[in-house]
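S.K.: Okay, here's the structure, questions in a sec.
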Number of protein chains: 2
Amino acid sequence: MATHRGEIYPLHVGDTWKQAPEGGRPEELGRGTPGINRYTDVWGLTELREAIAARTAARTGAAVSRGSILVTGGATAGLMAAVGALVSPGEEVLLLAPRWPLIEGHVRMAGATPVEVPLLLGARDLSPEAAVAAVEAHATEKTVALYLNTPNNPSGRLIPRASLAALAAWARRRDLWIFADEVYEDYAYAGPHAYAFPFAPERTVAAHSLSKAYGLAGARLGWLVGPEAALSQIVKFGAHTIYSAPTASQHAALLILAGAGDAWVAEARTEYAATGAEAARRLDVPAPEGGTFLFVDAARALETRGLMGLLEDCAEKGLFLAPGPSFGPYPTHVRLCYTAVPPVAALRGVDILAKLLGE
Amino acid sequence: MATHRGEIYPLHVGDTWKQAPEGGRPEELGRGTPGINRYTDVWGLTELREAIAARTAARTGAAVSRGSILVTGGATAGLMAAVGALVSPGEEVLLLAPRWPLIEGHVRMAGATPVEVPLLLGARDLSPEAAVAAVEAHATEKTVALYLNTPNNPSGRLIPRASLAALAAWARRRDLWIFADEVYEDYAYAGPHAYAFPFAPERTVAAHSLSKAYGLAGARLGWLVGPEAALSQIVKFGAHTIYSAPTASQHAALLILAGAGDAWVAEARTEYAATGAEAARRLDVPAPEGGTFLFVDAARALETRGLMGLLEDCAEKGLFLAPGPSFGPYPTHVRLCYTAVPPVAALRGVDILAKLLGE
């Protein structure tokens, strides 16, 4: 990237081109904020946990109190701590694929084996029957947990409410943990986002974040919703990874969740949906149902140099994409983040890919 | 603590009562700071790594460039990533004891065994011969690393320069990693802090932090100094724990290291040293050589209720202390942080303990 001359389209990282919501940025916090330079409790600020609990109850309909909320250093730190605390060496974790790259590492870091369950791709059937058949086909006696991400990074699919309910019931029968990665909860376009937690609150640990919802990835602030007994184990692991979440970011989250982020999210959702739909049209793939990515099968454009050859051809034209194998068994796919730069520039990048794909 | 009436002395957590340096607080950053809401590279901001490299070279005399610096989410995240990346299941890590509580968990999280090497306590001989004899007595074929913390949390001891050199030479002969926890580097009172890195730069990973040096624990910002090949492994682990360090904190670190923190540290050092010496006098123990803690043997004051009984008696009077077993094989010790509240209040807390100990 550093050597490319001319405009670049860095669509390989999941991020937003937008500034974070005014009134909730860390650099806008008042100088008098008490304790802003100190650690907080490892669970997070009490008033923030209460605000998140109220929000979660309002959004999900589940009864959620402060004890069910753990503030984390982003969803990444939260999911790592959840997997680290609840999964043991030699066990297996099902990953609904395609899936977020880092979860595979989290499972391996716990000494466990990640098992890919291809399901959330393209136009595949996501009915309750299809979803349960997919996980059942990959479960063994060693399976202890199911990871799912909806809206999906990278595919843009939403897991329908009925299918989520069926997966939760299946996990209950098998006595599995559910790790529900819902960091794109505010960016569901094809219908409302369905929350996993209410279907099996005794076994679901759901990850949320300011990063995607409010364009605040730099704040490293997220939270887990889960059963208090599980969070009491997870918090010990989390305290070893970052101790407490960044204090200024926790104060920013209080402002954001109190309303400073509402208009921002509404505007971003409209813009992201429109950009995603237009990008999909130009690539002749279905419009994304949610999230900030398209996951495109480039098989028809690959020659002897394979996927890396295509990525190099893109890079030569200033377009940077993420390779499919980072997201599971997808040797011919590429992932494109259509929110990483402003829409007009993102679509110019999309056109580069479309041309290489022969669209 | 929530139920105690009257003044409380929360001397159990390592923190400072002081506000962070003016001109370098996250909430003082300019609104226009570009990219402040976004992730940074997982290694950290380039200009910050360069500033840290220059500082490290100036302080240690070693040749250090950007490639030897990894920005982390505090020293906790840095040490966890270092241990996680470089230590494998079944191996053993020597911990010079007493030692920081979380390092034991880091070693266990890697599936390895922590081996306590009592050395840094009270008035013990820290000569090169004594130091090498202590580690040699605990090393086995499974030993892969040595953890040391100077200035020491909790004992306040400094590892002398000659002893550090001898330990480094011993580690080289045994082909071990050295994890050097130097977060109290600015708070050496009995003499200058000796840096571990220059003695064995090919095998030393040193952890540093804004938390203690500049009263910015809430920023969750630290860094590792180490060989580039090792850091290239550690950064992968770190990216799975917090991805990149908080962006606003990285910008704050740039201001702090550019000079905003200098006068603050000088003032804090003088005040901490005086408070520590006076606290030690009242407890009839040697003055701390560095750091922000006293580690006191309370054996003579324990009756049938043991250490927990003493901690309860302290808590009833509003004084909160950390129990010795958190720091290694110290069943009758307590740790006291004399910088957690302003000096006059801290010394009132010290007087409560002194009275219970019969001083």
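Chain labels A, B, ... are given in the sequence in which chains occur in the structure tokens; within each chain residues are numbered consecutively from 1, and ligands are likewise numbered from 1 in the order shown.
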Pull the alpha helix (DSSP H) assignments for range 90-294 of chain A out of DSSP run on the backbone, and list those residues as a PyMOL selection string.

M.R.: chain A and resi 101-109+128-138+161-174+210-213+228-241+247-255+262-283

S.K.: I'd like the contact shell of range 214-231 of chain A - 8 Å cut-off, only C-alpha atoms, skipping same-chain residues fewer than 5 positions apart - returned as an mmCIF file with N, CA and C atoms, in the first residue's frame.

M.R.:
```cif
data_model
loop_
_atom_site.group_PDB
_atom_site.id
_atom_site.type_symbol
_atom_site.label_atom_id
_atom_site.label_comp_id
_atom_site.auth_asym_id
_atom_site.auth_seq_id
_atom_site.Cartn_x
_atom_site.Cartn_y
_atom_site.Cartn_z
ATOM 1 N N ASP A 15 -13.862 -1.372 8.779
ATOM 2 C CA ASP A 15 -13.869 -0.127 9.546
ATOM 3 C C ASP A 15 -14.824 0.828 8.848
ATOM 4 N N THR A 16 -14.934 2.035 9.388
ATOM 5 C CA THR A 16 -15.802 3.023 8.762
ATOM 6 C C THR A 16 -15.007 4.264 8.425
ATOM 7 N N LYS A 18 -16.466 7.130 8.500
ATOM 8 C CA LYS A 18 -17.159 8.214 9.192
ATOM 9 C C LYS A 18 -16.457 8.586 10.499
ATOM 10 N N GLN A 19 -16.557 9.848 10.885
ATOM 11 C CA GLN A 19 -16.161 10.262 12.214
ATOM 12 C C GLN A 19 -17.162 9.688 13.221
ATOM 13 N N ALA A 20 -16.724 9.462 14.444
ATOM 14 C CA ALA A 20 -17.619 8.945 15.481
ATOM 15 C C ALA A 20 -18.672 10.004 15.843
ATOM 16 N N PRO A 21 -19.749 9.589 16.503
ATOM 17 C CA PRO A 21 -20.817 10.538 16.858
ATOM 18 C C PRO A 21 -20.306 11.707 17.695
ATOM 19 N N PRO A 26 -14.053 10.152 22.741
ATOM 20 C CA PRO A 26 -13.179 10.222 23.925
ATOM 21 C C PRO A 26 -12.537 11.597 24.106
ATOM 22 N N GLY A 67 -25.824 -7.710 36.608
ATOM 23 C CA GLY A 67 -25.025 -8.920 36.786
ATOM 24 C C GLY A 67 -24.798 -9.697 35.507
ATOM 25 N N SER A 68 -25.636 -9.440 34.503
ATOM 26 C CA SER A 68 -25.522 -10.140 33.219
ATOM 27 C C SER A 68 -24.674 -9.375 32.218
ATOM 28 N N ILE A 69 -24.007 -8.307 32.660
ATOM 29 C CA ILE A 69 -23.233 -7.455 31.743
ATOM 30 C C ILE A 69 -21.782 -7.374 32.209
ATOM 31 N N LEU A 70 -20.864 -7.644 31.300
ATOM 32 C CA LEU A 70 -19.426 -7.483 31.557
ATOM 33 C C LEU A 70 -18.861 -6.550 30.492
ATOM 34 N N VAL A 71 -18.303 -5.427 30.913
ATOM 35 C CA VAL A 71 -17.685 -4.484 29.978
ATOM 36 C C VAL A 71 -16.300 -5.012 29.589
ATOM 37 N N THR A 72 -15.990 -4.970 28.304
ATOM 38 C CA THR A 72 -14.742 -5.570 27.807
ATOM 39 C C THR A 72 -13.981 -4.587 26.900
ATOM 40 N N GLY A 73 -12.718 -4.908 26.648
ATOM 41 C CA GLY A 73 -11.889 -4.076 25.777
ATOM 42 C C GLY A 73 -12.182 -4.358 24.317
ATOM 43 N N GLY A 74 -13.398 -4.047 23.892
ATOM 44 C CA GLY A 74 -13.869 -4.409 22.557
ATOM 45 C C GLY A 74 -14.463 -5.811 22.568
ATOM 46 N N ALA A 75 -15.170 -6.140 21.487
ATOM 47 C CA ALA A 75 -15.742 -7.485 21.368
ATOM 48 C C ALA A 75 -14.634 -8.527 21.215
ATOM 49 N N GLY A 78 -13.586 -9.478 24.551
ATOM 50 C CA GLY A 78 -14.684 -10.188 25.190
ATOM 51 C C GLY A 78 -14.808 -11.620 24.703
ATOM 52 N N ALA A 82 -14.240 -15.086 26.731
ATOM 53 C CA ALA A 82 -15.333 -16.059 26.827
ATOM 54 C C ALA A 82 -14.858 -17.441 26.398
ATOM 55 N N LEU A 86 -14.318 -20.647 28.995
ATOM 56 C CA LEU A 86 -15.357 -21.686 28.952
ATOM 57 C C LEU A 86 -14.986 -22.899 28.111
ATOM 58 N N PHE A 197 -29.597 -14.030 22.708
ATOM 59 C CA PHE A 197 -29.651 -14.218 24.156
ATOM 60 C C PHE A 197 -31.008 -14.688 24.693
ATOM 61 N N PRO A 201 -30.952 -17.981 27.524
ATOM 62 C CA PRO A 201 -30.154 -17.054 28.354
ATOM 63 C C PRO A 201 -29.218 -17.769 29.324
ATOM 64 N N GLU A 202 -29.474 -19.030 29.581
ATOM 65 C CA GLU A 202 -28.618 -19.754 30.532
ATOM 66 C C GLU A 202 -27.321 -20.217 29.898
ATOM 67 N N ARG A 203 -27.203 -20.141 28.556
ATOM 68 C CA ARG A 203 -26.015 -20.685 27.883
ATOM 69 C C ARG A 203 -25.487 -19.785 26.776
ATOM 70 N N THR A 204 -26.050 -18.592 26.636
ATOM 71 C CA THR A 204 -25.616 -17.689 25.567
ATOM 72 C C THR A 204 -24.735 -16.577 26.116
ATOM 73 N N VAL A 205 -23.584 -16.382 25.486
ATOM 74 C CA VAL A 205 -22.726 -15.237 25.780
ATOM 75 C C VAL A 205 -22.663 -14.423 24.493
ATOM 76 N N ALA A 206 -23.263 -13.232 24.512
ATOM 77 C CA ALA A 206 -23.363 -12.399 23.310
ATOM 78 C C ALA A 206 -22.375 -11.245 23.391
ATOM 79 N N ALA A 207 -21.685 -10.984 22.272
ATOM 80 C CA ALA A 207 -20.679 -9.922 22.220
ATOM 81 C C ALA A 207 -21.207 -8.727 21.439
ATOM 82 N N HIS A 208 -21.002 -7.542 22.008
ATOM 83 C CA HIS A 208 -21.434 -6.285 21.394
ATOM 84 C C HIS A 208 -20.285 -5.287 21.486
ATOM 85 N N SER A 209 -20.395 -4.174 20.755
ATOM 86 C CA SER A 209 -19.237 -3.284 20.644
ATOM 87 C C SER A 209 -19.642 -1.891 20.205
ATOM 88 N N ALA A 245 -11.456 -2.344 31.036
ATOM 89 C CA ALA A 245 -11.555 -1.677 29.730
ATOM 90 C C ALA A 245 -11.127 -0.214 29.874
ATOM 91 N N PRO A 246 -10.641 0.413 28.778
ATOM 92 C CA PRO A 246 -10.143 1.788 28.869
ATOM 93 C C PRO A 246 -11.194 2.706 29.520
ATOM 94 N N SER A 249 -12.929 5.444 27.440
ATOM 95 C CA SER A 249 -13.874 4.823 26.508
ATOM 96 C C SER A 249 -15.158 4.413 27.228
ATOM 97 N N GLN A 250 -15.031 4.019 28.478
ATOM 98 C CA GLN A 250 -16.239 3.675 29.233
ATOM 99 C C GLN A 250 -17.093 4.923 29.459
ATOM 100 N N ALA A 253 -18.778 5.724 26.261
ATOM 101 C CA ALA A 253 -19.893 4.806 26.022
ATOM 102 C C ALA A 253 -21.141 5.258 26.769
ATOM 103 N N GLY A 261 -25.420 8.713 20.255
ATOM 104 C CA GLY A 261 -25.167 7.929 19.058
ATOM 105 C C GLY A 261 -26.391 7.628 18.207
ATOM 106 N N TRP A 264 -26.693 9.212 14.670
ATOM 107 C CA TRP A 264 -25.541 8.747 13.885
ATOM 108 C C TRP A 264 -25.821 7.365 13.314
ATOM 109 N N VAL A 265 -26.311 6.468 14.166
ATOM 110 C CA VAL A 265 -26.574 5.104 13.716
ATOM 111 C C VAL A 265 -27.641 5.093 12.625
ATOM 112 N N ILE B 36 -8.666 9.158 15.129
ATOM 113 C CA ILE B 36 -8.705 8.819 16.553
ATOM 114 C C ILE B 36 -9.809 7.807 16.861
ATOM 115 N N ASN B 37 -10.824 7.744 16.004
ATOM 116 C CA ASN B 37 -11.907 6.780 16.262
ATOM 117 C C ASN B 37 -11.650 5.424 15.611
ATOM 118 N N ARG B 38 -10.580 5.282 14.865
ATOM 119 C CA ARG B 38 -10.347 4.050 14.108
ATOM 120 C C ARG B 38 -9.284 3.176 14.766
ATOM 121 N N TYR B 39 -9.241 1.914 14.353
ATOM 122 C CA TYR B 39 -8.137 1.054 14.728
ATOM 123 C C TYR B 39 -6.834 1.698 14.281
ATOM 124 N N THR B 40 -5.724 1.322 14.952
ATOM 125 C CA THR B 40 -4.418 1.590 14.363
ATOM 126 C C THR B 40 -3.870 0.255 13.863
ATOM 127 N N ILE B 242 -6.776 -7.769 21.926
ATOM 128 C CA ILE B 242 -7.392 -6.435 21.935
ATOM 129 C C ILE B 242 -7.292 -5.773 20.559
ATOM 130 N N SER B 244 -5.813 -3.630 18.289
ATOM 131 C CA SER B 244 -4.813 -2.586 18.475
ATOM 132 C C SER B 244 -5.078 -1.879 19.809
ATOM 133 N N ALA B 245 -4.044 -1.274 20.384
ATOM 134 C CA ALA B 245 -4.203 -0.552 21.647
ATOM 135 C C ALA B 245 -5.124 0.652 21.427
ATOM 136 N N PRO B 246 -5.810 1.117 22.487
ATOM 137 C CA PRO B 246 -6.771 2.220 22.329
ATOM 138 C C PRO B 246 -6.126 3.413 21.614
ATOM 139 N N THR B 247 -6.775 3.901 20.576
ATOM 140 C CA THR B 247 -6.158 4.912 19.715
ATOM 141 C C THR B 247 -5.965 6.247 20.431
ATOM 142 N N ALA B 248 -6.967 6.685 21.176
ATOM 143 C CA ALA B 248 -6.821 7.956 21.908
ATOM 144 C C ALA B 248 -5.662 7.850 22.895
#
```

S.K.: Go through B:Met1, B:Leu102, B:Ala263, B:Leu353 and flag the residue nearest chain A, using only C-alpha atoms for the distances.

M.R.: B:Leu102

S.K.: Do a neighbour search on Arg49 in chain B at 6 Å with only C-alpha atoms, toss out local chain neighbours closer than 3 positions, and write the hits as an MDAnalysis selection string.

M.R.: chainID B and resid 46 52 66 69

S.K.: Which residue is closest to chain A? Choose from B:Ala134, B:Leu210, B:Ala139, B:Leu255 and count only C-alpha atoms.

M.R.: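 Distance minimum relative to chain A lands on B:Leu210.
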
S.K.: Between A:Ala62, A:Leu164, A:Ala133, A:Val107, which residue has the minimum interatomic distance to chain B, considering only C-alpha atoms?

M.R.: A:Val107

S.K.: Counting only C-alpha atoms, which residue out of B:Ala252, B:Ala354, B:Ala145, B:Leu176 sits closest to chain A?

M.R.: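 Closest to chain A of all the choices is B:Ala252.
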
S.K.: Can you measure CA of Gly90 in chain B to CA of Met109 in chain B for me? One decimal in Å is fine.

M.R.: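 Computed distance, CA of Gly90 in chain B to CA of Met109 in chain B, equals 11.3 Å.
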
S.K.: So, with only C-alpha atoms as the atoms that count, which of A:Ser155, A:Gln233, A:Thr33, A:Thr3 lies closest to chain B?

M.R.: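 Between A:Ser155, A:Gln233, A:Thr33, A:Thr3, the residue approaching chain B most closely is A:Thr33.
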